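Heads up, final-v4.cif below (mmCIF, C-alpha atoms and all ligand atoms):
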data_data
loop_
_atom_site.label_atom_id
_atom_site.label_comp_id
_atom_site.auth_asym_id
_atom_site.auth_seq_id
_atom_site.Cartn_x
_atom_site.Cartn_y
_atom_site.Cartn_z
CA MET A 1 0.00 0.00 0.00
CA PRO A 2 1.51 3.39 -0.93
CA LYS A 3 2.33 5.67 2.01
CA ALA A 4 0.01 8.63 2.58
CA ARG A 5 1.37 11.99 1.40
CA GLU A 6 -1.65 13.96 2.56
CA THR A 7 -4.80 13.24 4.56
CA VAL A 8 -6.61 10.34 2.96
CA LEU A 9 -9.36 7.88 3.86
CA GLU A 10 -8.42 4.53 2.39
CA ILE A 11 -11.36 2.29 1.52
CA ASP A 12 -10.57 -1.41 1.33
CA LEU A 13 -12.95 -3.10 -1.10
CA ASN A 14 -11.65 -6.56 -0.15
CA ALA A 15 -12.75 -5.84 3.42
CA LEU A 16 -16.17 -4.79 2.11
CA ALA A 17 -16.45 -8.10 0.26
CA HIS A 18 -15.46 -9.98 3.41
CA ASN A 19 -18.11 -8.18 5.46
CA PHE A 20 -20.85 -8.62 2.87
CA ASN A 21 -20.11 -12.33 2.59
CA TYR A 22 -20.02 -12.71 6.36
CA LEU A 23 -23.43 -11.06 6.78
CA ARG A 24 -24.78 -12.98 3.78
CA SER A 25 -23.73 -16.21 5.51
CA LYS A 26 -25.81 -15.25 8.56
CA VAL A 27 -29.09 -15.20 6.62
CA ASP A 28 -30.87 -17.88 4.58
CA PRO A 29 -30.11 -17.86 0.87
CA ASP A 30 -33.64 -16.77 -0.02
CA VAL A 31 -33.52 -13.73 2.28
CA LYS A 32 -32.69 -10.57 0.33
CA MET A 33 -29.82 -8.29 1.28
CA MET A 34 -30.58 -4.59 1.39
CA ALA A 35 -27.33 -2.66 1.67
CA VAL A 36 -27.73 0.60 3.56
CA ILE A 37 -25.47 3.17 1.90
CA LYS A 38 -26.87 6.41 3.29
CA ALA A 39 -24.59 9.28 4.31
CA PHE A 40 -22.07 8.62 1.49
CA GLY A 41 -21.90 4.92 2.34
CA TYR A 42 -21.35 5.64 6.03
CA GLY A 43 -18.73 8.21 5.14
CA SER A 44 -16.82 6.07 2.64
CA ASP A 45 -17.37 6.53 -1.11
CA VAL A 46 -20.95 5.80 -1.99
CA VAL A 47 -20.73 5.22 -5.74
CA GLU A 48 -17.74 2.90 -5.58
CA ILE A 49 -19.24 1.07 -2.62
CA ALA A 50 -22.53 0.66 -4.48
CA LYS A 51 -20.81 -0.76 -7.56
CA LYS A 52 -18.88 -3.25 -5.46
CA LEU A 53 -21.98 -4.28 -3.50
CA MET A 54 -23.88 -4.95 -6.72
CA GLU A 55 -21.03 -7.16 -7.88
CA LEU A 56 -21.20 -8.98 -4.54
CA GLY A 57 -24.91 -9.65 -4.94
CA ALA A 58 -26.79 -6.98 -2.99
CA ASP A 59 -30.50 -7.06 -3.87
CA TYR A 60 -31.51 -3.59 -2.80
CA PHE A 61 -30.01 -0.31 -1.66
CA ALA A 62 -31.28 2.06 1.01
CA VAL A 63 -30.42 5.73 1.49
CA ALA A 64 -31.91 8.27 3.86
CA TYR A 65 -32.80 11.13 1.54
CA THR A 66 -33.98 11.55 -2.03
CA SER A 67 -30.87 13.53 -3.04
CA GLU A 68 -28.72 10.56 -2.07
CA GLY A 69 -30.74 8.31 -4.35
CA VAL A 70 -30.47 10.81 -7.20
CA THR A 71 -26.66 10.79 -6.85
CA LEU A 72 -26.67 7.02 -7.28
CA ARG A 73 -28.97 7.13 -10.32
CA LYS A 74 -26.77 9.81 -11.93
CA ALA A 75 -23.82 7.47 -11.45
CA GLY A 76 -25.70 4.75 -13.33
CA ILE A 77 -26.65 2.57 -10.37
CA GLU A 78 -29.74 0.61 -11.44
CA LEU A 79 -30.60 -1.53 -8.43
CA PRO A 80 -33.88 -0.71 -6.60
CA ILE A 81 -33.25 2.04 -4.04
CA LEU A 82 -35.38 2.57 -0.94
CA VAL A 83 -35.40 6.16 0.33
CA LEU A 84 -35.89 5.81 4.07
CA HIS A 85 -36.86 9.36 4.91
CA PRO A 86 -38.24 11.32 1.95
CA GLN A 87 -40.20 14.52 2.37
CA SER A 88 -43.32 15.17 0.33
CA VAL A 89 -41.65 17.98 -1.61
CA ASN A 90 -39.31 15.33 -3.09
CA PHE A 91 -41.97 12.99 -4.46
CA GLU A 92 -41.88 14.03 -8.13
CA GLU A 93 -38.10 13.91 -8.26
CA LEU A 94 -38.21 10.57 -6.49
CA ILE A 95 -40.51 9.06 -9.13
CA GLU A 96 -38.55 10.61 -12.00
CA ASN A 97 -35.47 8.83 -10.65
CA CYS A 98 -37.19 5.48 -10.05
CA LEU A 99 -36.54 5.68 -6.32
CA GLU A 100 -38.83 3.88 -3.90
CA PRO A 101 -40.18 5.85 -0.94
CA SER A 102 -40.64 4.80 2.62
CA LEU A 103 -44.12 6.07 3.52
CA TYR A 104 -44.19 6.59 7.22
CA SER A 105 -47.29 8.65 8.02
CA GLU A 106 -50.84 9.16 6.81
CA PHE A 107 -49.79 12.52 5.41
CA VAL A 108 -46.91 11.26 3.25
CA LEU A 109 -48.90 8.22 2.15
CA LYS A 110 -51.73 10.42 0.87
CA GLU A 111 -49.34 12.92 -0.69
CA PHE A 112 -47.43 10.19 -2.47
CA ILE A 113 -50.58 8.62 -3.88
CA LYS A 114 -51.64 12.06 -5.15
CA VAL A 115 -48.33 12.60 -6.93
CA ALA A 116 -48.22 9.05 -8.33
CA GLU A 117 -51.75 9.45 -9.72
CA LYS A 118 -50.89 12.84 -11.21
CA LEU A 119 -47.86 11.33 -12.94
CA ASP A 120 -49.97 8.41 -14.24
CA GLN A 121 -48.04 5.74 -12.39
CA LYS A 122 -49.21 2.12 -12.27
CA GLU A 123 -48.40 0.05 -9.18
CA TYR A 124 -45.44 2.26 -8.25
CA PRO A 125 -43.48 0.36 -5.56
CA VAL A 126 -43.71 1.88 -2.08
CA HIS A 127 -42.55 0.70 1.34
CA LEU A 128 -44.78 1.13 4.37
CA LYS A 129 -42.84 1.91 7.50
CA PHE A 130 -44.40 0.97 10.85
CA ASN A 131 -43.44 2.27 14.25
CA THR A 132 -43.19 -0.64 16.69
CA GLY A 133 -41.43 1.12 19.55
CA LEU A 134 -38.56 3.28 18.31
CA ASN A 135 -40.96 6.23 18.14
CA ARG A 136 -38.97 7.94 15.45
CA LEU A 137 -40.79 7.41 12.13
CA GLY A 138 -43.60 5.13 11.20
CA LEU A 139 -47.29 4.42 10.89
CA ARG A 140 -48.92 3.15 14.06
CA GLU A 141 -50.45 -0.27 14.53
CA LYS A 142 -53.94 1.24 14.76
CA GLU A 143 -53.50 2.86 11.34
CA THR A 144 -53.43 -0.42 9.40
CA ASP A 145 -57.07 -0.07 8.28
CA MET A 146 -56.39 3.41 6.96
CA VAL A 147 -53.32 2.08 5.12
CA SER A 148 -55.16 -0.80 3.47
CA GLU A 149 -58.08 1.44 2.46
CA LEU A 150 -55.76 3.94 0.81
CA LEU A 151 -53.76 1.23 -0.97
CA ASN A 152 -56.88 -0.62 -2.10
CA GLY A 153 -58.33 2.65 -3.34
CA THR A 154 -55.61 3.38 -5.91
CA LYS A 155 -53.91 1.63 -8.81
CA ALA A 156 -51.06 4.13 -8.86
CA VAL A 157 -49.03 2.55 -6.05
CA LYS A 158 -48.45 -0.95 -4.71
CA ALA A 159 -46.74 -2.00 -1.50
CA ALA A 160 -43.36 -3.57 -2.24
CA SER A 161 -42.64 -4.07 1.44
CA PHE A 162 -43.71 -3.48 5.02
CA PHE A 163 -40.95 -2.71 7.46
CA SER A 164 -40.06 -1.52 10.91
CA HIS A 165 -36.87 -0.65 12.75
CA LEU A 166 -35.50 -2.06 16.00
CA ALA A 167 -34.61 0.29 18.83
CA ALA A 168 -32.01 -1.79 20.64
CA SER A 169 -31.04 -4.83 18.57
CA GLU A 170 -27.45 -4.67 19.87
CA ASP A 171 -28.48 -4.53 23.53
CA TRP A 172 -29.11 -7.85 25.27
CA ARG A 173 -30.72 -6.11 28.25
CA GLU A 174 -33.49 -4.97 25.92
CA ARG A 175 -34.12 -8.41 24.45
CA GLU A 176 -37.70 -8.58 25.62
CA PHE A 177 -38.51 -5.19 24.19
CA THR A 178 -36.99 -6.22 20.86
CA LEU A 179 -38.98 -9.47 20.77
CA GLU A 180 -42.12 -7.45 21.47
CA GLN A 181 -41.29 -5.14 18.53
CA ILE A 182 -40.89 -8.18 16.27
CA HIS A 183 -44.19 -9.62 17.54
CA THR A 184 -46.04 -6.36 16.92
CA PHE A 185 -44.56 -6.13 13.43
CA ARG A 186 -45.64 -9.67 12.57
CA GLY A 187 -49.17 -8.87 13.72
CA ILE A 188 -49.37 -5.74 11.56
CA ALA A 189 -48.09 -7.65 8.53
CA LEU A 190 -50.61 -10.46 8.91
CA LYS A 191 -53.47 -7.99 9.20
CA LEU A 192 -52.37 -6.18 6.07
CA TYR A 193 -51.81 -9.39 4.10
CA ASP A 194 -55.48 -10.17 4.67
CA ALA A 195 -56.72 -6.71 3.84
CA LEU A 196 -54.64 -6.34 0.65
CA GLY A 197 -54.74 -9.90 -0.67
CA TYR A 198 -51.03 -9.96 -1.55
CA ARG A 199 -47.77 -10.31 0.36
CA PRO A 200 -45.17 -7.57 0.15
CA LEU A 201 -41.68 -8.26 1.52
CA LEU A 202 -41.19 -7.93 5.28
CA HIS A 203 -38.03 -6.60 6.93
CA ILE A 204 -37.05 -5.37 10.38
CA CYS A 205 -33.40 -6.30 11.03
CA ASN A 206 -30.43 -3.95 10.89
CA THR A 207 -26.88 -5.30 11.33
CA SER A 208 -27.25 -6.25 15.00
CA GLY A 209 -30.70 -7.67 14.25
CA VAL A 210 -29.13 -9.97 11.66
CA ILE A 211 -26.65 -11.18 14.24
CA ASN A 212 -28.86 -11.37 17.34
CA TYR A 213 -32.34 -12.18 15.99
CA PRO A 214 -31.97 -14.93 13.37
CA LYS A 215 -35.69 -15.75 13.58
CA ALA A 216 -36.64 -12.22 12.58
CA HIS A 217 -34.88 -12.00 9.21
CA PHE A 218 -38.23 -12.32 7.38
CA ASP A 219 -37.78 -11.68 3.60
CA MET A 220 -34.98 -9.12 3.69
CA VAL A 221 -32.43 -7.59 6.06
CA ARG A 222 -31.08 -4.05 6.02
CA THR A 223 -27.38 -4.05 6.83
CA GLY A 224 -25.45 -0.84 7.26
CA ILE A 225 -22.66 -0.66 9.82
CA GLY A 226 -21.69 -4.33 9.44
CA LEU A 227 -20.81 -3.81 5.78
CA TYR A 228 -18.34 -1.17 6.85
CA GLY A 229 -16.78 -3.54 9.36
CA PHE A 230 -18.40 -2.82 12.72
CA GLY A 231 -20.44 -5.33 14.70
CA ASN A 232 -21.52 -3.28 17.74
CA GLU A 233 -19.87 -5.84 20.05
CA LYS A 234 -16.35 -7.17 20.51
CA GLY A 235 -16.99 -10.68 19.23
CA GLU A 236 -18.61 -9.45 16.03
CA ASP A 237 -16.04 -6.69 15.54
CA GLN A 238 -13.43 -9.43 15.41
CA LYS A 239 -15.23 -11.24 12.60
CA LEU A 240 -15.66 -8.11 10.50
CA LYS A 241 -13.01 -5.92 8.88
CA PRO A 242 -13.31 -2.12 9.02
CA ILE A 243 -13.10 -0.90 5.44
CA GLY A 244 -11.76 2.56 6.24
CA THR A 245 -8.32 3.69 7.39
CA LEU A 246 -7.87 7.39 8.01
CA LYS A 247 -4.27 8.46 7.46
CA THR A 248 -2.36 11.67 7.36
CA ILE A 249 1.25 12.84 7.59
CA ILE A 250 3.45 14.99 9.77
CA SER A 251 3.50 18.52 8.34
CA GLN A 252 5.97 20.00 10.80
CA ILE A 253 7.90 19.08 13.94
CA HIS A 254 8.55 21.50 16.83
CA HIS A 255 10.96 21.23 19.75
CA LEU A 256 9.54 22.94 22.83
CA LYS A 257 11.21 23.89 26.07
CA LYS A 258 9.60 23.75 29.48
CA GLY A 259 6.83 26.37 29.74
CA ASP A 260 6.11 26.61 26.00
CA SER A 261 2.48 26.15 25.00
CA VAL A 262 0.74 24.57 22.03
CA GLY A 263 -2.29 25.72 20.09
CA TYR A 264 -5.27 27.95 20.72
CA ASN A 265 -5.83 29.21 24.24
CA ARG A 266 -2.45 27.69 25.08
CA ALA A 267 -4.35 24.58 26.16
CA PHE A 268 -1.19 22.42 26.29
CA LYS A 269 1.80 23.53 28.34
CA ALA A 270 5.10 21.67 28.19
CA ASN A 271 6.41 20.73 31.63
CA LYS A 272 9.66 19.39 30.14
CA LEU A 273 11.50 19.33 26.82
CA THR A 274 8.81 18.21 24.38
CA LYS A 275 8.74 17.33 20.70
CA THR A 276 5.43 17.90 18.88
CA ALA A 277 4.11 17.28 15.38
CA THR A 278 1.41 19.16 13.52
CA LEU A 279 -0.95 17.13 11.31
CA PRO A 280 -3.12 18.42 8.43
CA ILE A 281 -6.46 17.24 9.81
CA GLY A 282 -8.86 19.00 12.18
CA HIS A 283 -12.42 19.33 13.35
CA ALA A 284 -13.56 20.42 9.88
CA ASP A 285 -12.44 16.99 8.69
CA GLY A 286 -14.47 15.21 11.35
CA ILE A 287 -11.94 14.96 14.17
CA ASN A 288 -14.00 16.74 16.81
CA ARG A 289 -12.67 18.86 19.63
CA GLN A 290 -13.72 16.01 21.92
CA TYR A 291 -10.59 14.14 20.82
CA GLY A 292 -8.24 16.89 21.93
CA ASN A 293 -6.29 17.55 25.11
CA GLY A 294 -4.94 14.04 25.47
CA ARG A 295 -8.23 12.22 25.20
CA ALA A 296 -7.36 10.43 21.95
CA GLY A 297 -4.19 9.75 20.06
CA VAL A 298 -2.83 8.53 16.77
CA ILE A 299 -0.38 5.84 15.66
CA LEU A 300 2.97 6.90 14.30
CA ASN A 301 5.62 4.37 13.28
CA GLY A 302 3.82 1.81 15.42
CA GLN A 303 3.71 4.01 18.53
CA TYR A 304 0.88 5.88 20.22
CA ALA A 305 1.05 9.68 20.16
CA PRO A 306 -1.61 11.63 22.09
CA ILE A 307 -3.35 14.64 20.59
CA ILE A 308 -2.34 17.65 22.69
CA GLY A 309 -4.06 20.98 23.11
CA ASN A 310 -7.26 21.95 21.36
CA VAL A 311 -8.17 20.43 18.03
CA CYS A 312 -8.11 23.23 15.42
CA MET A 313 -10.29 23.48 12.34
CA ASP A 314 -7.62 22.17 9.99
CA MET A 315 -4.91 20.81 12.25
CA VAL A 316 -4.12 18.80 15.35
CA MET A 317 -0.88 18.66 17.27
CA ILE A 318 0.49 15.46 18.79
CA ASP A 319 3.16 14.71 21.36
CA ILE A 320 6.00 12.76 19.72
CA THR A 321 8.63 13.33 22.40
CA ASP A 322 9.71 9.68 22.57
CA ILE A 323 9.03 8.70 18.97
CA ASP A 324 11.68 8.44 16.30
CA CYS A 325 10.10 10.16 13.28
CA LYS A 326 10.47 12.92 10.71
CA GLU A 327 8.35 15.39 8.75
CA GLY A 328 6.39 13.60 6.02
CA ASP A 329 6.01 10.37 8.01
CA GLU A 330 2.65 8.64 7.81
CA VAL A 331 0.24 8.82 10.76
CA VAL A 332 -2.82 6.62 11.27
CA ILE A 333 -5.81 8.25 12.95
CA PHE A 334 -8.01 5.16 12.93
CA GLY A 335 -8.16 1.82 11.14
CA GLY A 336 -5.39 -0.76 10.95
CA PRO A 337 -3.46 -0.52 14.23
CA GLN A 338 -6.16 1.58 15.97
CA HIS A 339 -9.75 0.29 15.79
CA ALA A 340 -12.21 3.09 15.00
CA THR A 341 -14.52 1.90 17.79
CA LYS A 342 -11.74 2.46 20.29
CA PHE A 343 -10.88 5.87 18.87
CA ALA A 344 -14.58 6.86 18.87
CA ALA A 345 -14.97 5.84 22.51
CA LYS A 346 -12.21 8.26 23.47
CA GLY A 347 -14.32 11.03 21.98
CA ASN A 348 -17.41 9.78 23.84
CA THR A 349 -19.06 8.52 20.69
CA ILE A 350 -19.62 5.43 18.55
CA SER A 351 -18.25 4.15 15.24
CA TYR A 352 -21.35 5.34 13.36
CA GLU A 353 -20.78 8.98 14.26
CA LEU A 354 -17.03 8.91 13.74
CA ILE A 355 -17.04 7.35 10.27
CA THR A 356 -20.02 9.28 8.89
CA GLY A 357 -18.48 12.49 10.18
CA ILE A 358 -15.30 12.36 8.06
CA SER A 359 -15.94 15.36 5.86
CA GLN A 360 -16.04 15.38 2.11
CA ARG A 361 -12.85 17.39 1.82
CA VAL A 362 -10.85 14.34 2.93
CA LYS A 363 -9.72 12.49 -0.17
CA ARG A 364 -11.01 8.93 -0.53
CA ARG A 365 -8.67 6.33 -2.02
CA LEU A 366 -9.89 2.88 -2.97
CA VAL A 367 -7.69 -0.10 -2.40
CA GLU A 368 -8.35 -3.57 -3.78
CA ASN A 369 -6.04 -6.40 -4.67
C1 LIG A 401 -29.51 3.25 9.16
C2 LIG A 401 -30.61 2.26 9.12
C3 LIG A 401 -30.34 0.88 8.99
C4 LIG A 401 -28.95 0.29 9.08
O1 LIG A 401 -28.61 0.09 10.43
P1 LIG A 401 -27.19 -0.53 10.86
O2 LIG A 401 -27.24 -0.59 12.34
O3 LIG A 401 -26.16 0.42 10.37
O4 LIG A 401 -27.07 -1.86 10.21
C5 LIG A 401 -31.41 0.02 8.82
N1 LIG A 401 -32.68 0.49 8.81
C6 LIG A 401 -32.98 1.80 8.97
C7 LIG A 401 -34.39 2.24 8.98
C8 LIG A 401 -31.96 2.72 9.15
O5 LIG A 401 -32.25 4.02 9.33
#
Final structure tokens representation of the file:
Amino acid sequence: MPKARETVLEIDLNALAHNFNYLRSKVDPDVKMMAVIKAFGYGSDVVEIAKKLMELGADYFAVAYTSEGVTLRKAGIELPILVLHPQSVNFEELIENCLEPSLYSEFVLKEFIKVAEKLDQKEYPVHLKFNTGLNRLGLREKETDMVSELLNGTKAVKAASFFSHLAASEDWREREFTLEQIHTFRGIALKLYDALGYRPLLHICNTSGVINYPKAHFDMVRTGIGLYGFGNEKGEDQKLKPIGTLKTIISQIHHLKKGDSVGYNRAFKANKLTKTATLPIGHADGINRQYGNGRAGVILNGQYAPIIGNVCMDMVMIDITDIDCKEGDEVVIFGGPQHATKFAAKGNTISYELITGISQRVKRRLVEN
């Protein structure tokens, strides 16, 4: 692998393949795989990730917003794409781009039917989202009659799936709550099967659902974080491979004497002779201020170097007093020798937030062998 010469997020497509195949092996062959690639493929490189996932056999994609689906269509991605959280103002654009909406309330269901009828659609595929306990988005159990009346009353749309989302699939202490969500979902689906006279696909599991609730895979699973190499628990983390490695280089080295300070507000003060390095990555790149002042560190020539002082917009400084290194040397922020979950924990957050927060100005570089 070539050494970094600037800040770069390396995306390992072999690791993506490993993760996809691992998750695929956890579900029956006839269960469809929906790959969740919202937020730029969890901060990676959405178009390249999508192409690779199609090659690997993904059946469906999911994104959060309509604009994300449009980006994929413009790049020539032809797989069905579920838009998890469209707004009614997006519905024409959504249909023009052959994107499939999640309809999560009476209002958006009615609005979508209106638009689909206006655009002369026939059986346009839609996905009905039910709230079974997350209380975030979704139609309620008592709205099933309304849903079936509206669907039976139009030829413009047809349900492609019913789905729900688990609130705590990674948390064993909430197992009973999760089982109750699955039970409620099954009940809603059965009621609607009867009322509609056909059987759309059912799906409720995210990555941790796939791993922890094998009896709830239904017809499809929606895997996000697992594809990118995170399993939400140690054992699963070990079976998956993080696809991203965030690297940068040393821009400049400084030799400080006792009493010198580093960075804004002089937040770090040297209490002895200290050697520091400045790196071209800061909070505008997704390395939040939370990681500063010794809370997190980076890996340099195999050794740990803490971030000192306040994280700046475009830079961080690290303490390299005992490390043999020179300007231009490669530094790993996370990935490879430092698991992103561990780095994220030092900033009081989780892998999801860390990886999706790496800003678009950081260059992405694909690696595959
Ligand atoms: C983001 C999301 C997923 C993927 O969840 P992971 O935990 O990343 O696997 C699945 N379903 C919905 C509705 C989501 O919003």
Q: Go ahead and compute the interatomic distance for atom CA of A:Asp314 and atom CA of A:Thr248, in Å to one decimal.
A: 12.0 Å
Q: Please work out which residues fall within 9 Å of (-20.6, -1.9, 13.0), coordinates as given in the file, with all atoms listed in the file counting, and return them as a list in words.
A: Thr207, Ser208, Gly224, Ile225, Gly226, Leu227, Tyr228, Gly229, Phe230, Gly231, Asn232, Glu233, Glu236, Asp237, Leu240, Pro242, Thr341, Ser351 and Tyr352 of chain A
Axis-aligned box over every listed atom of ligand LIG 401 (chain A), padded by 4 Å per side: centre and edges in Å to one decimal, as JSON?
{"center_x": -30.3, "center_y": 1.1, "center_z": 10.6, "size_x": 16.2, "size_y": 13.9, "size_z": 11.5}
Q: Find the residue from A:Val221, A:Leu139, A:Leu23, A:Val83 that sits nearest to A:Ser105; use all atoms listed in the file when measuring.
A: A:Leu139
Q: Excluding stretch 279-283 of chain A and residues on its chain fewer than 6 positions from it, collect all residues at most 8 Å away from it, counting all atoms listed in the file, and give them as a list of chain:residue names.
A: A:Glu6, A:Thr7, A:Thr248, A:Ile249, A:Ile250, A:Ser251, A:Gln252, A:Arg289, A:Val311, A:Cys312, A:Met313, A:Asp314, A:Met315, A:Val316, A:Met317, A:Ile318
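Restricting the calculation to only C-alpha atoms, the smallest distance between A:Ile358 and any of A:Gly244, A:Gly292, A:Gly336, A:Pro200 is found for A:Gly244.
Using only C-alpha atoms and all ligand atoms, the shortest contact distance between ligand LIG 401 (chain A) and any of A:Gly76, A:Gly138, A:Gly328, A:Gly335 is found at A:Gly138.
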Sorted by chain and rising residue number, list the residues of stretch 146-223 of chain A at most 12 Å from stretch 116-127 of chain A (counting only C-alpha atoms), each with its closest atom pair and distance in Å to one decimal, as a Markdown table.
| residue | atom | partner | partner_atom | distance |
| --- | --- | --- | --- | --- |
| A:Val147 | CA | A:His127 | CA | 11.5 |
| A:Leu151 | CA | A:Glu123 | CA | 9.9 |
| A:Asn152 | CA | A:Glu123 | CA | 11.1 |
| A:Gly153 | CA | A:Glu117 | CA | 11.4 |
| A:Thr154 | CA | A:Glu117 | CA | 8.1 |
| A:Lys155 | CA | A:Glu123 | CA | 5.7 |
| A:Ala156 | CA | A:Lys122 | CA | 4.4 |
| A:Val157 | CA | A:Glu123 | CA | 4.1 |
| A:Lys158 | CA | A:Glu123 | CA | 4.6 |
| A:Ala159 | CA | A:Val126 | CA | 5.0 |
| A:Ala160 | CA | A:Pro125 | CA | 5.1 |
| A:Ser161 | CA | A:His127 | CA | 4.8 |
| A:Phe162 | CA | A:His127 | CA | 5.7 |
| A:Phe163 | CA | A:His127 | CA | 7.2 |
| A:Ser164 | CA | A:His127 | CA | 10.1 |
| A:Pro200 | CA | A:His127 | CA | 8.8 |
| A:Leu201 | CA | A:His127 | CA | 9.0 |
| A:Leu202 | CA | A:His127 | CA | 9.6 |
| A:His203 | CA | A:His127 | CA | 10.2 |
Q.
Ranking A:Ile243, A:Val362, A:Ala267, A:Ala4 by minimum distance to A:Ile287 and counting only C-alpha atoms, which one comes first?
A. A:Val362
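Shortest atom-to-atom contact with ligand LIG 401 (chain A) among A:Gln338, A:Asn206, A:Ser88, A:Asn135: A:Asn206, counting only C-alpha atoms and all ligand atoms.
Among the candidate residues A:Asp219, A:Glu170, A:Glu368, A:Glu327, the one lying nearest to ligand LIG 401 (chain A) is A:Glu170, with distances computed using all atoms listed in the file.
Here atom CA of A:Phe130 stands at a distance of 7.6 Å from atom CA of A:Phe185.
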